[in-house]
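What follows is coords-v6.csv (CSV, C-alpha atoms).
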```
chain,number,residue,atom,x,y,z
A,1,PRO,CA,65.4,69.2,-77.0
A,2,ASP,CA,66.4,66.5,-74.6
A,3,LEU,CA,65.6,67.2,-71.0
A,4,ALA,CA,67.9,66.5,-68.1
A,5,PRO,CA,66.5,63.5,-66.0
A,6,ARG,CA,65.7,65.8,-63.1
A,7,ASP,CA,63.7,68.1,-65.4
A,8,GLN,CA,61.9,65.1,-66.9
A,9,ARG,CA,61.0,63.9,-63.4
A,10,LEU,CA,59.7,67.3,-62.6
A,11,LEU,CA,57.4,67.3,-65.6
A,12,GLU,CA,56.2,63.8,-64.8
A,13,ARG,CA,55.4,64.8,-61.2
A,14,LEU,CA,53.5,67.8,-62.5
A,15,ALA,CA,51.6,65.6,-64.9
A,16,GLU,CA,50.6,63.3,-62.1
A,17,TRP,CA,49.6,66.2,-59.9
A,18,LEU,CA,47.5,67.7,-62.7
A,19,GLU,CA,45.8,64.4,-63.3
A,20,ALA,CA,44.9,64.2,-59.6
A,21,HIS,CA,44.0,67.8,-59.0
A,22,SER,CA,43.0,69.6,-62.2
A,23,GLY,CA,39.3,69.0,-61.6
A,24,ASN,CA,39.4,71.3,-58.6
A,25,SER,CA,38.6,74.8,-59.7
A,26,ASP,CA,39.9,76.2,-56.4
A,27,ILE,CA,43.4,74.8,-56.8
A,28,GLU,CA,46.3,77.2,-56.3
A,29,ILE,CA,49.7,77.3,-57.9
A,30,GLN,CA,51.1,77.4,-54.4
A,31,ALA,CA,49.8,73.8,-53.9
A,32,MET,CA,51.2,72.7,-57.2
A,33,ALA,CA,54.6,74.1,-56.2
A,34,GLU,CA,54.5,72.5,-52.7
A,35,ASP,CA,53.6,69.1,-54.2
A,36,VAL,CA,56.7,69.1,-56.4
A,37,HIS,CA,58.9,70.5,-53.5
A,38,LEU,CA,59.5,73.9,-55.1
A,39,THR,CA,58.7,77.4,-54.1
A,40,PRO,CA,56.1,79.1,-56.3
A,41,ARG,CA,58.7,81.4,-57.7
A,42,THR,CA,61.1,78.5,-58.5
A,43,LEU,CA,58.3,76.6,-60.2
A,44,GLN,CA,57.5,79.7,-62.2
A,45,ARG,CA,61.0,80.1,-63.5
A,46,LYS,CA,61.5,76.3,-64.0
A,47,LEU,CA,58.3,75.8,-66.0
A,48,LYS,CA,58.9,78.9,-68.0
A,49,SER,CA,62.4,77.7,-69.0
A,50,LEU,CA,61.2,74.2,-69.8
A,51,THR,CA,57.9,74.8,-71.5
A,52,GLY,CA,57.7,78.6,-72.2
A,53,ARG,CA,54.6,78.7,-70.0
A,54,THR,CA,53.7,80.0,-66.5
A,55,PRO,CA,52.3,77.5,-64.0
A,56,ALA,CA,48.8,79.1,-64.5
A,57,ALA,CA,49.1,78.8,-68.3
A,58,TYR,CA,50.4,75.2,-68.0
A,59,LEU,CA,47.4,74.3,-65.8
A,60,ARG,CA,44.9,76.0,-68.2
A,61,GLU,CA,46.5,74.2,-71.2
A,62,TYR,CA,46.1,70.9,-69.3
A,63,ARG,CA,42.5,71.6,-68.5
A,64,LEU,CA,41.8,72.5,-72.1
A,65,ALA,CA,43.4,69.3,-73.4
A,66,ARG,CA,41.2,67.3,-70.9
A,67,ALA,CA,38.1,69.2,-72.0
A,68,ARG,CA,38.9,68.4,-75.7
A,69,ARG,CA,39.2,64.7,-74.9
A,70,LEU,CA,35.9,64.7,-73.0
A,71,LEU,CA,34.1,66.7,-75.7
A,72,LEU,CA,35.1,64.0,-78.2
A,73,SER,CA,34.7,60.9,-76.0
A,74,SER,CA,31.5,61.7,-74.2
A,75,ASP,CA,28.0,63.2,-74.6
A,76,ASP,CA,28.4,65.2,-71.4
A,77,SER,CA,27.2,68.8,-71.5
A,78,VAL,CA,29.7,71.6,-71.7
A,79,THR,CA,28.8,72.6,-68.2
A,80,ASP,CA,29.5,69.1,-66.9
A,81,ILE,CA,32.8,69.0,-68.8
A,82,ALA,CA,33.8,72.5,-67.5
A,83,HIS,CA,33.3,71.3,-63.9
A,84,ALA,CA,35.1,68.0,-64.5
A,85,CYS,CA,38.1,69.8,-65.8
A,86,GLY,CA,38.3,72.4,-63.1
A,87,PHE,CA,36.9,75.4,-64.9
A,88,SER,CA,34.9,77.6,-62.5
A,89,SER,CA,32.1,78.0,-65.0
A,90,SER,CA,31.0,76.8,-68.4
A,91,GLN,CA,31.3,80.4,-69.5
A,92,TYR,CA,35.0,80.5,-68.5
A,93,LEU,CA,35.6,77.2,-70.4
A,94,SER,CA,33.8,78.6,-73.5
A,95,ARG,CA,35.7,81.8,-73.5
A,96,THR,CA,39.1,80.1,-73.0
A,97,PHE,CA,38.2,77.4,-75.5
A,98,ARG,CA,37.1,80.0,-78.1
A,99,ASP,CA,40.3,81.9,-77.6
A,100,GLU,CA,42.4,78.8,-78.2
A,101,HIS,CA,40.4,77.1,-80.9
A,102,GLY,CA,38.4,79.9,-82.6
A,103,ALA,CA,35.0,78.2,-81.8
A,104,PRO,CA,33.0,77.5,-78.6
A,105,PRO,CA,33.2,73.9,-77.2
A,106,GLU,CA,29.9,72.7,-78.5
A,107,LYS,CA,30.5,74.0,-82.1
A,108,TRP,CA,34.0,72.5,-82.0
A,109,ARG,CA,32.6,69.1,-81.0
A,110,GLN,CA,29.9,69.3,-83.7
A,111,ASP,CA,32.6,70.1,-86.3
A,112,ARG,CA,34.8,67.2,-85.2
A,113,SER,CA,31.9,64.8,-85.2
A,114,ALA,CA,30.8,65.9,-88.7
A,115,ALA,CA,34.3,65.5,-90.0
A,116,GLU,CA,34.5,61.9,-88.7
A,117,ALA,CA,31.1,61.0,-90.1
```

This structure in structure tokens:
Amino acid sequence: PDLAPRDQRLLERLAEWLEAHSGNSDIEIQAMAEDVHLTPRTLQRKLKSLTGRTPAAYLREYRLARARRLLLSSDDSVTDIAHACGFSSSQYLSRTFRDEHGAPPEKWRQDRSAAEA
């Protein structure tokens, strides 16, 4: 569905904010909301209506996408990638990644590398 220009700008501002701050594991949804000039509750309702996700789920999905890109484009360890993407630990990244993709990050990377070989 086409988004209203205002909603499109909101998602663009959120993407810029995520790019700048997603590596910080201490980030809070409050800070995300303040940066796009909304209350946390309004951001919650707006994101839920636009994307079907809560701000926390939106942030987690962004971090997972970034982790996938790094897993494919670098030889960095899962621990380094977890910290670069704002996961508080490699265990948290592994658990979240496995829930999303059915395999831990290192196995997922190996399977992708083998498929491209």

Proximity to Trp108 of chain A - best of A:Ser88, A:Ser94, A:Thr42, A:Thr51, all atoms listed in the file: A:Ser94

Close residues, Cys85 of chain A itself excluded, 7 Å, only C-alpha atoms, min 5 positions apart in chain, as an MDAnalysis selection string: chainID A and resid 22:23 63 66:67

Between atom CA of Lys107 of chain A and atom CA of Leu18 of chain A - distance in Å to one decimal: 26.6 Å

Length of the atom CA of Asp99 of chain A to atom CA of Arg68 of chain A vector [Å]: 13.7 Å

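Relative to atom CA of Glu19 of chain A, atom CA of Phe87 of chain A is found at 14.2 Å.
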
Ala15 of chain A environment, 12 Å, only C-alpha atoms, sequence neighbours closer than 3 positions dropped, as a PyMOL selection string: chain A and resi 8-12+18-22+32+35-36+55+58-59+61-63

Would you mind exporting C-alpha atoms of the selected residues as a short mmCIF file (atom, residue, chain, number, x, y, z; two decimals), in the coordinates of the input?
```cif
data_model
loop_
_atom_site.label_atom_id
_atom_site.label_comp_id
_atom_site.auth_asym_id
_atom_site.auth_seq_id
_atom_site.Cartn_x
_atom_site.Cartn_y
_atom_site.Cartn_z
CA GLN A 8 61.90 65.10 -66.90
CA ARG A 9 61.00 63.90 -63.40
CA LEU A 10 59.70 67.30 -62.60
CA LEU A 11 57.40 67.30 -65.60
CA GLU A 12 56.20 63.80 -64.80
CA LEU A 18 47.50 67.70 -62.70
CA GLU A 19 45.80 64.40 -63.30
CA ALA A 20 44.90 64.20 -59.60
CA HIS A 21 44.00 67.80 -59.00
CA SER A 22 43.00 69.60 -62.20
CA MET A 32 51.20 72.70 -57.20
CA ASP A 35 53.60 69.10 -54.20
CA VAL A 36 56.70 69.10 -56.40
CA PRO A 55 52.30 77.50 -64.00
CA TYR A 58 50.40 75.20 -68.00
CA LEU A 59 47.40 74.30 -65.80
CA GLU A 61 46.50 74.20 -71.20
CA TYR A 62 46.10 70.90 -69.30
CA ARG A 63 42.50 71.60 -68.50
#
```

Spatial sel., origin (58.9, 75.4, -70.1), limit 12 Å, only C-alpha atoms, listed as a ChimeraX atom specification: /A:1,3,7-8,10-11,43-55,57-58

Restricting it to C-alpha atoms, dump the selection as a tab-separated table (two decimals), in the frame of the given file.
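The resulting file, part35.tsv, is reproduced below:
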```tsv
chain	number	residue	atom	x	y	z
A	1	PRO	CA	65.40	69.20	-77.00
A	3	LEU	CA	65.60	67.20	-71.00
A	7	ASP	CA	63.70	68.10	-65.40
A	8	GLN	CA	61.90	65.10	-66.90
A	10	LEU	CA	59.70	67.30	-62.60
A	11	LEU	CA	57.40	67.30	-65.60
A	43	LEU	CA	58.30	76.60	-60.20
A	44	GLN	CA	57.50	79.70	-62.20
A	45	ARG	CA	61.00	80.10	-63.50
A	46	LYS	CA	61.50	76.30	-64.00
A	47	LEU	CA	58.30	75.80	-66.00
A	48	LYS	CA	58.90	78.90	-68.00
A	49	SER	CA	62.40	77.70	-69.00
A	50	LEU	CA	61.20	74.20	-69.80
A	51	THR	CA	57.90	74.80	-71.50
A	52	GLY	CA	57.70	78.60	-72.20
A	53	ARG	CA	54.60	78.70	-70.00
A	54	THR	CA	53.70	80.00	-66.50
A	55	PRO	CA	52.30	77.50	-64.00
A	57	ALA	CA	49.10	78.80	-68.30
A	58	TYR	CA	50.40	75.20	-68.00
```

Minimum-distance residue to Arg95 of chain A, chosen among A:Ala4, A:Leu64, A:Ala115, A:Leu71 (using all atoms listed in the file): A:Leu64

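Distance annotation: of A:Asp26, A:Glu100, A:Glu16, A:Asp2, the residue with the minimal separation from Gly86 of chain A is A:Asp26; atom set is all atoms listed in the file.
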
Residue contacts of Leu72 of chain A (9 Å, only C-alpha atoms) excluding same-chain residues fewer than 6 positions away, as a list in words: Arg109, Arg112 and Ser113 of chain A

Can you rebuild segment 94-117 of chain A with N, CA, C and O atoms and give it as a short mmCIF file (atom, residue, chain, number, x, y, z; two decimals), in the frame of the given file?
```cif
data_model
loop_
_atom_site.label_atom_id
_atom_site.label_comp_id
_atom_site.auth_asym_id
_atom_site.auth_seq_id
_atom_site.Cartn_x
_atom_site.Cartn_y
_atom_site.Cartn_z
N SER A 94 34.11 78.15 -72.10
CA SER A 94 33.80 78.60 -73.50
C SER A 94 34.65 79.70 -73.94
O SER A 94 35.15 79.66 -75.07
N ARG A 95 34.88 80.68 -73.09
CA ARG A 95 35.70 81.80 -73.50
C ARG A 95 37.16 81.36 -73.73
O ARG A 95 37.77 81.70 -74.75
N THR A 96 37.70 80.55 -72.82
CA THR A 96 39.10 80.10 -73.00
C THR A 96 39.19 79.16 -74.19
O THR A 96 40.16 79.26 -74.94
N PHE A 97 38.21 78.31 -74.38
CA PHE A 97 38.20 77.40 -75.50
C PHE A 97 38.14 78.16 -76.84
O PHE A 97 38.88 77.88 -77.78
N ARG A 98 37.26 79.15 -76.89
CA ARG A 98 37.10 80.00 -78.10
C ARG A 98 38.41 80.72 -78.41
O ARG A 98 38.84 80.81 -79.57
N ASP A 99 39.06 81.24 -77.38
CA ASP A 99 40.30 81.90 -77.60
C ASP A 99 41.38 81.00 -78.16
O ASP A 99 42.18 81.39 -79.00
N GLU A 100 41.37 79.75 -77.72
CA GLU A 100 42.40 78.80 -78.20
C GLU A 100 42.03 78.15 -79.52
O GLU A 100 42.91 77.91 -80.33
N HIS A 101 40.75 77.87 -79.76
CA HIS A 101 40.40 77.10 -80.90
C HIS A 101 39.50 77.84 -81.96
O HIS A 101 39.14 77.28 -82.99
N GLY A 102 39.13 79.07 -81.64
CA GLY A 102 38.40 79.90 -82.60
C GLY A 102 36.87 79.49 -82.66
O GLY A 102 36.15 80.01 -83.50
N ALA A 103 36.44 78.59 -81.79
CA ALA A 103 35.00 78.20 -81.80
C ALA A 103 34.68 77.78 -80.34
O ALA A 103 35.53 77.27 -79.61
N PRO A 104 33.43 77.96 -79.94
CA PRO A 104 33.00 77.50 -78.60
C PRO A 104 33.04 75.96 -78.57
O PRO A 104 33.00 75.30 -79.62
N PRO A 105 33.10 75.38 -77.37
CA PRO A 105 33.20 73.90 -77.20
C PRO A 105 32.18 73.11 -77.99
O PRO A 105 32.52 72.14 -78.67
N GLU A 106 30.92 73.49 -77.91
CA GLU A 106 29.90 72.70 -78.50
C GLU A 106 30.00 72.71 -80.07
O GLU A 106 29.86 71.69 -80.72
N LYS A 107 30.30 73.87 -80.62
CA LYS A 107 30.50 74.00 -82.10
C LYS A 107 31.73 73.17 -82.50
O LYS A 107 31.72 72.47 -83.51
N TRP A 108 32.80 73.26 -81.72
CA TRP A 108 34.00 72.50 -82.00
C TRP A 108 33.72 71.01 -82.02
O TRP A 108 34.16 70.29 -82.90
N ARG A 109 32.94 70.55 -81.04
CA ARG A 109 32.60 69.10 -81.00
C ARG A 109 31.75 68.73 -82.19
O ARG A 109 32.00 67.69 -82.79
N GLN A 110 30.77 69.56 -82.56
CA GLN A 110 29.90 69.30 -83.70
C GLN A 110 30.78 69.20 -85.00
O GLN A 110 30.58 68.32 -85.84
N ASP A 111 31.70 70.14 -85.15
CA ASP A 111 32.60 70.10 -86.30
C ASP A 111 33.42 68.90 -86.40
O ASP A 111 33.61 68.32 -87.46
N ARG A 112 33.96 68.46 -85.27
CA ARG A 112 34.80 67.20 -85.20
C ARG A 112 33.95 66.00 -85.52
O ARG A 112 34.37 65.12 -86.25
N SER A 113 32.74 65.96 -84.99
CA SER A 113 31.90 64.80 -85.20
C SER A 113 31.45 64.74 -86.68
O SER A 113 31.41 63.66 -87.27
N ALA A 114 31.16 65.89 -87.28
CA ALA A 114 30.80 65.90 -88.70
C ALA A 114 31.94 65.50 -89.57
O ALA A 114 31.75 64.81 -90.57
N ALA A 115 33.15 65.87 -89.19
CA ALA A 115 34.30 65.50 -90.00
C ALA A 115 34.60 64.02 -89.95
O ALA A 115 35.10 63.45 -90.92
N GLU A 116 34.23 63.38 -88.82
CA GLU A 116 34.50 61.90 -88.70
C GLU A 116 33.36 61.12 -89.34
O GLU A 116 33.54 59.94 -89.62
N ALA A 117 32.20 61.73 -89.58
CA ALA A 117 31.10 61.00 -90.10
C ALA A 117 31.22 60.70 -91.60
O ALA A 117 32.03 61.19 -92.29
#
```
